[in-house]
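So the structure is just underneath, and the comments pick up after that.
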Amino acid sequence: MAGFTNLAPWDRGLRVVVGAAMLVAGWTGLIPGIWGIALWVFAWVPLVTGLFGWCPFYALLGISTRPQPSAPRDR
Amino acid sequence: MAEPQFERPREGPTLARLKWIAVLAAFGFIILLEYVRHILFPFLLTWQGRLLMDGSIFTGAIFFFGAVFHLIERMQERLERQNSELIGLHVAALDVYRELALETVLQKVVDQARILVGARYGALSVINDENHIESFVTSGISAEERARIGPPPVGHGLLGVVLHHGHRLRLPDLTSDPHSVGFPPNHPPMRSLLAVPILCSGPFRGNLYLAEKSGRSAFTADDEESLVRFATKAAIAIDHAYLHRRLNDLAVSEERLRIAHEMHDGLAQVLAYVNTKAQAVRELIRAGRPDDATRQLDQLAAAAREVYGDVRESIIGLRSAAVPGRALAEVLQDYAQTWEHQNGIACRLQCGGEIRLDAGAELQVTRIVQEALANVRKHAKAKAVDVEIAATDGIIRIAVQDDGVGFNPAEPSRSEFPRFGLATMRERAESMGGWLRLESTPGEGTHILVEVPAQKPKDS
């Protein structure tokens with residue numbers, strides 16, 4: 001699993017919190033109208049990426065907030 | 001032996017699955033989209049709904065392509081790592097294959113194995129027929145450190161696991177293993193361990209041990225696979241070194257046999273001849289026939305001179321071929337000059353082309369030329385002799401032509417005691433996969449022609 005993830009623990013935590021907040025806001029009708037629906041629809045993006053520890057945007061742009069292994073194979 | 005088969009790697013299941021997912025996902029996504037928009041949520045047909053839809057499609061596409069590229073990157077990383085390992089393996093194997101001396105090969109094997117997988121310490125145990133460690137070749141520690149550790153291990157602890165069972169061993173922390181016992185006081189501290197057996201087809205039995213992975217806490221499964229592949233190549237190099245040693249031993253043994261043969265055929269026969277003649281002289285003196293006795297003594301003196309010449313020639317021949325690393329042309333040139341100086345017969349030597357022969361074959365060719373020149377001295381009454389060695393089309397041709405009295409090869413030997421020189425020369429040529437032809441006519445000199453196959457060039 002270590003080779004799959006590209007999110008640091010803090011990044012994952014932040015995404016889960018933000019995703020959950022978006023979901024709650026959209027679900028409970030805290031923000032009405034189309035914006036509420038949009039929040040509810042897009043809340044799964046940070047939530048899922050945070051839970052899996054892998055972000056497709058980061059993967060496409062070659063970004064990783066996860067700490068890299070200490071040393072590569074030496075030859 | 002069947003040619004090794006190299007299979008082209010097949011497309012992995014991941015890539016094949018990915019192609020199907022790409023096609024099915026596109027169709028499935030369009031169907032789902034139209035279902036949601038027209039049946040479930042008609043408000044998605046408004047401009048706000050379209051915006052929401054476009055956002056969802058964009059996010060979905062990012063997820064999909066992100067996953068695809070992520071997989072491709074992982075495959076690429078794996079290929080690059082494997083490529084790097086193969087290059088490392090190739091370099092290590094080349095370094096080992098260059099050597100033929102067994103001790104050097106063993107040292108190179110352990111040095112290269114250590115470099116290949118990035119280990120701080122390396123060792124190679126050589127196991128004898130009683131399943132005990134006979135010698136222990138180390139790498140990564142100085143001679144002083146090695147001396148402080150004391151005698152080589154006996155294989156009761158962890159070494160014995162690979163030693164007795166022939167299993168691979170990969171441990172992140174060998175100190176926590178129950179087999180980890182018997183470390184001497186000055187042994188360097190070690191945690192990670194990787195050990196594989198070296199499986200040779202020859203008599204060698206041994207194991208490779210690597211300890212303390214550099215930059216990481218433990219050896220990986222890739223390290224283990226790399227080391228196993230290297231051990232296979234090392235086994236071939238060790239087998240070659242064993243064969244080379246055996247060939248050298250055989251060459252020495254053959255040369256001893258040849259010298260013994262020559263002593264028996266030459267010296268012993270002449271001594272027997274001397275004994276017979278001495279008895280004859282005694283009888284002739286007793287019988288009061290001094291003239292006959294004198295004639296017998298003259299024959300005796302001639303035989304002694306001939307043997308003296310043979311012995312001197314053999315000594316020069318052994319000396320000239322005994323210097324390792326000298327080119328064949330150089331050895332023969334020296335011999336021809338000495339021979340000419342000693343016998344007063346002009347000897348012209350010509351060497352042409354790149355004469356490519358292994359050490360054993362070079363010695364055989366040298367002996368053939370020496371024997372041919374010895375025959376010229378003893379029998380030909382020649383003023384000059386031409387020796388020509390040429391390499392063409394993978395064949396080495398050796399021609400010895402004298403301007404002496406010649407003889408009829410069909411007639412029996414002219415010598416009073418048996419001679420085996422020609423037969424020995426023929427045997428030498430045939431032992432190298434070649435042949436010998438002798439042409440001679442009374443009054444027209446003698447021509448000896450030998451052809452032997454040249455050593456095949458090594459691929460570099």
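Chain labels follow the order of the structure tokens: the first chain is A, the next B, and so on; residue numbering restarts at 1 in every chain, and ligands are counted from 1 in their shown order.
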- [ ] Give me, as a PyMOL selection string, the contact residues of chain B against chain A at a cut-off of 6 Å, counting only C-alpha atoms.
- [x] chain B and resi 63+66+115+118+215
Task: range 176-192 of chain B environment, 12 Å, only C-alpha atoms, sequence neighbours closer than 5 positions dropped, as number ranges by chain - done: B: 118-122, 140-142, 144-162, 169-171, 209-220
Using only C-alpha atoms, please write the residues we just selected to a file, as a PDB file, in the first residue's frame.
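Output below, filename selection08.pdb:
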ATOM      1  CA  GLY B 118      24.133  -3.054  -1.849  1.00  0.00           C
ATOM      2  CA  ALA B 119      25.340  -4.962   1.198  1.00  0.00           C
ATOM      3  CA  ARG B 120      28.037  -3.851   3.584  1.00  0.00           C
ATOM      4  CA  TYR B 121      29.459  -7.311   4.215  1.00  0.00           C
ATOM      5  CA  GLY B 122      29.704 -10.368   2.008  1.00  0.00           C
ATOM      6  CA  GLY B 140      33.765  -5.647   3.013  1.00  0.00           C
ATOM      7  CA  ILE B 141      36.075  -6.238   5.970  1.00  0.00           C
ATOM      8  CA  SER B 142      39.784  -5.521   6.222  1.00  0.00           C
ATOM      9  CA  GLU B 144      42.949  -6.908  10.310  1.00  0.00           C
ATOM     10  CA  GLU B 145      39.233  -7.192  11.116  1.00  0.00           C
ATOM     11  CA  ARG B 146      39.201 -10.677   9.618  1.00  0.00           C
ATOM     12  CA  ALA B 147      42.212 -11.693  11.701  1.00  0.00           C
ATOM     13  CA  ARG B 148      40.538 -10.368  14.865  1.00  0.00           C
ATOM     14  CA  ILE B 149      37.425 -12.458  14.220  1.00  0.00           C
ATOM     15  CA  GLY B 150      39.511 -15.629  14.337  1.00  0.00           C
ATOM     16  CA  PRO B 151      39.130 -18.940  12.489  1.00  0.00           C
ATOM     17  CA  PRO B 152      36.410 -19.363   9.816  1.00  0.00           C
ATOM     18  CA  PRO B 153      32.935 -20.401  10.988  1.00  0.00           C
ATOM     19  CA  VAL B 154      31.941 -24.048  11.235  1.00  0.00           C
ATOM     20  CA  GLY B 155      28.307 -23.549  10.259  1.00  0.00           C
ATOM     21  CA  HIS B 156      26.488 -24.420  13.467  1.00  0.00           C
ATOM     22  CA  GLY B 157      24.427 -21.223  13.574  1.00  0.00           C
ATOM     23  CA  LEU B 158      22.545 -19.392  10.841  1.00  0.00           C
ATOM     24  CA  LEU B 159      25.147 -20.349   8.215  1.00  0.00           C
ATOM     25  CA  GLY B 160      24.160 -23.938   8.793  1.00  0.00           C
ATOM     26  CA  VAL B 161      20.557 -23.293   7.704  1.00  0.00           C
ATOM     27  CA  VAL B 162      21.704 -22.618   4.143  1.00  0.00           C
ATOM     28  CA  LEU B 169      17.441 -17.060   3.776  1.00  0.00           C
ATOM     29  CA  ARG B 170      16.292 -13.447   4.083  1.00  0.00           C
ATOM     30  CA  LEU B 171      16.097 -11.976   7.561  1.00  0.00           C
ATOM     31  CA  TYR B 209      25.981 -14.624   2.468  1.00  0.00           C
ATOM     32  CA  LEU B 210      25.335 -10.880   2.455  1.00  0.00           C
ATOM     33  CA  ALA B 211      24.718  -8.780   5.545  1.00  0.00           C
ATOM     34  CA  GLU B 212      23.793  -5.207   6.455  1.00  0.00           C
ATOM     35  CA  LYS B 213      21.773  -3.743   3.592  1.00  0.00           C
ATOM     36  CA  SER B 214      23.065  -0.239   2.835  1.00  0.00           C
ATOM     37  CA  GLY B 215      20.554   2.578   3.243  1.00  0.00           C
ATOM     38  CA  ARG B 216      17.696   0.316   4.289  1.00  0.00           C
ATOM     39  CA  SER B 217      16.822  -1.775   7.258  1.00  0.00           C
ATOM     40  CA  ALA B 218      16.414  -5.027   5.338  1.00  0.00           C
ATOM     41  CA  PHE B 219      16.990  -6.779   2.028  1.00  0.00           C
ATOM     42  CA  THR B 220      14.002  -6.796  -0.339  1.00  0.00           C
TER      43      THR B 220
END
Got a sec: who's within 6 Å of range 195-198 of chain B, counting only C-alpha atoms, leaving out chain neighbours fewer than 3 positions off, as a PDB file with N, CA and C atoms, in the first residue's frame?
ATOM      1  N   GLY B 166      20.236 -26.065   2.097  1.00  0.00           N
ATOM      2  CA  GLY B 166      20.273 -25.486   0.744  1.00  0.00           C
ATOM      3  C   GLY B 166      19.167 -24.494   0.487  1.00  0.00           C
ATOM      4  N   ARG B 168      17.232 -20.676   0.678  1.00  0.00           N
ATOM      5  CA  ARG B 168      17.546 -19.254   0.718  1.00  0.00           C
ATOM      6  C   ARG B 168      17.143 -18.728   2.090  1.00  0.00           C
ATOM      7  N   LEU B 169      17.760 -17.617   2.463  1.00  0.00           N
ATOM      8  CA  LEU B 169      17.441 -17.060   3.776  1.00  0.00           C
ATOM      9  C   LEU B 169      17.427 -15.545   3.656  1.00  0.00           C
ATOM     10  N   GLY B 206      28.919 -24.322  -2.432  1.00  0.00           N
ATOM     11  CA  GLY B 206      29.142 -23.151  -1.595  1.00  0.00           C
ATOM     12  C   GLY B 206      27.887 -22.311  -1.463  1.00  0.00           C
ATOM     13  N   ASN B 207      27.948 -21.346  -0.559  1.00  0.00           N
ATOM     14  CA  ASN B 207      26.817 -20.449  -0.316  1.00  0.00           C
ATOM     15  C   ASN B 207      27.307 -19.020  -0.262  1.00  0.00           C
ATOM     16  N   LEU B 208      26.407 -18.120  -0.683  1.00  0.00           N
ATOM     17  CA  LEU B 208      26.712 -16.685  -0.638  1.00  0.00           C
ATOM     18  C   LEU B 208      25.936 -16.063   0.517  1.00  0.00           C
ATOM     19  N   TYR B 209      26.633 -15.291   1.342  1.00  0.00           N
ATOM     20  CA  TYR B 209      25.981 -14.624   2.468  1.00  0.00           C
ATOM     21  C   TYR B 209      26.246 -13.124   2.350  1.00  0.00           C
ATOM     22  N   ALA B 231      23.829 -15.737  -8.536  1.00  0.00           N
ATOM     23  CA  ALA B 231      24.418 -17.008  -8.070  1.00  0.00           C
ATOM     24  C   ALA B 231      24.438 -18.041  -9.202  1.00  0.00           C
ATOM     25  N   ALA B 235      27.843 -19.586 -10.572  1.00  0.00           N
ATOM     26  CA  ALA B 235      28.064 -21.040 -10.622  1.00  0.00           C
ATOM     27  C   ALA B 235      28.746 -21.434 -11.928  1.00  0.00           C
TER      28      ALA B 235
END
- [ ] Write out as a PyMOL selection string each polymer residue whose atoms come within 7 Å of range 20-30 of chain A, counting only C-alpha atoms; drop sequence neighbours fewer than 2 positions from it.
- [x] chain A and resi 16-18+32+36-37+39-40+43+47
Task: Nearest residue to Ala26 in chain B from the set B:Asp222, B:Gly60, B:Gln279, B:Asp239 (distances using only C-alpha atoms) - done: B:Gly60
Task: Separation of CA of Val228 in chain B from CA of Ser201 in chain B in Å - done: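 Answer for the CA of Ser201 in chain B to CA of Val228 in chain B separation: 15.7 Å.
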- [ ] Just give me the gap between CA of Gly202 in chain B and CA of Leu227 in chain B in Å, one decimal is fine.
- [x] 20.0 Å
TODO: Any chance you could list, as a ChimeraX atom specification, the residues in range 66-163 of chain B that come up helix (DSSP H, G or I) when DSSP is run on the backbone?
DONE: /B:66-97,102-117,143-149,158-163
Task: Straight-line distance linking CA of Cys347 in chain B with CA of Pro453 in chain B, stated in Å to one decimal - done: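 Interatomic distance, CA of Cys347 in chain B to CA of Pro453 in chain B: 25.3 Å.
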Task: Neighbour list for Asp11 in chain A as number ranges by chain, cut-off 9 Å, only C-alpha atoms, skip fewer than 3 positions in-chain - done: A: 7-8, 14-16, 50, 53, 65-66
TODO: Excluding range 427-432 of chain B and any residue of its chain fewer than 5 positions from it, enumerate the residues within 12 Å of it, using only C-alpha atoms, and give them as an MDAnalysis selection string.
DONE: chainID B and resid 251 254:255 258 357:369 371 395:398 420:422 437 448:455
Could you write out the selected residues, including C-alpha atoms, as a PDB file, in the first residue's frame?
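Listed below is the output, selection03.pdb:
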ATOM      1  CA  ALA B 251      48.573 -30.436 -19.074  1.00  0.00           C
ATOM      2  CA  GLU B 254      50.624 -35.016 -19.727  1.00  0.00           C
ATOM      3  CA  GLU B 255      53.922 -33.176 -19.898  1.00  0.00           C
ATOM      4  CA  ARG B 258      55.754 -37.189 -22.120  1.00  0.00           C
ATOM      5  CA  LEU B 357      46.089 -20.838 -29.411  1.00  0.00           C
ATOM      6  CA  ASP B 358      45.435 -21.598 -25.780  1.00  0.00           C
ATOM      7  CA  ALA B 359      48.389 -22.200 -23.454  1.00  0.00           C
ATOM      8  CA  GLY B 360      48.200 -25.989 -23.754  1.00  0.00           C
ATOM      9  CA  ALA B 361      48.099 -25.940 -27.566  1.00  0.00           C
ATOM     10  CA  GLU B 362      50.983 -23.436 -27.697  1.00  0.00           C
ATOM     11  CA  LEU B 363      53.075 -25.855 -25.679  1.00  0.00           C
ATOM     12  CA  GLN B 364      52.163 -28.718 -28.026  1.00  0.00           C
ATOM     13  CA  VAL B 365      53.132 -26.654 -31.110  1.00  0.00           C
ATOM     14  CA  THR B 366      56.427 -25.700 -29.441  1.00  0.00           C
ATOM     15  CA  ARG B 367      57.169 -29.361 -28.727  1.00  0.00           C
ATOM     16  CA  ILE B 368      56.345 -30.379 -32.316  1.00  0.00           C
ATOM     17  CA  VAL B 369      58.781 -27.787 -33.704  1.00  0.00           C
ATOM     18  CA  GLU B 371      61.039 -32.494 -32.073  1.00  0.00           C
ATOM     19  CA  ILE B 395      43.876 -23.053 -39.104  1.00  0.00           C
ATOM     20  CA  ILE B 396      47.440 -22.913 -37.791  1.00  0.00           C
ATOM     21  CA  ARG B 397      49.926 -24.422 -40.286  1.00  0.00           C
ATOM     22  CA  ILE B 398      53.393 -25.445 -39.122  1.00  0.00           C
ATOM     23  CA  PHE B 420      59.328 -42.552 -31.285  1.00  0.00           C
ATOM     24  CA  GLY B 421      59.792 -38.873 -32.205  1.00  0.00           C
ATOM     25  CA  LEU B 422      57.565 -38.877 -35.280  1.00  0.00           C
ATOM     26  CA  ARG B 437      52.077 -35.240 -42.778  1.00  0.00           C
ATOM     27  CA  ILE B 448      56.911 -31.932 -42.187  1.00  0.00           C
ATOM     28  CA  LEU B 449      53.517 -30.263 -42.340  1.00  0.00           C
ATOM     29  CA  VAL B 450      51.195 -29.945 -39.341  1.00  0.00           C
ATOM     30  CA  GLU B 451      47.747 -28.329 -39.314  1.00  0.00           C
ATOM     31  CA  VAL B 452      45.793 -27.648 -36.135  1.00  0.00           C
ATOM     32  CA  PRO B 453      42.611 -25.636 -35.549  1.00  0.00           C
ATOM     33  CA  ALA B 454      43.101 -22.167 -34.057  1.00  0.00           C
ATOM     34  CA  GLN B 455      41.349 -21.192 -30.849  1.00  0.00           C
TER      35      GLN B 455
END
TODO: For Ala336 in chain B, please output as number ranges by chain all residues within 8 Å (counting only C-alpha atoms; exclusion window: fewer than 2 positions along the same chain).
DONE: B: 332-334, 338-340, 347-349
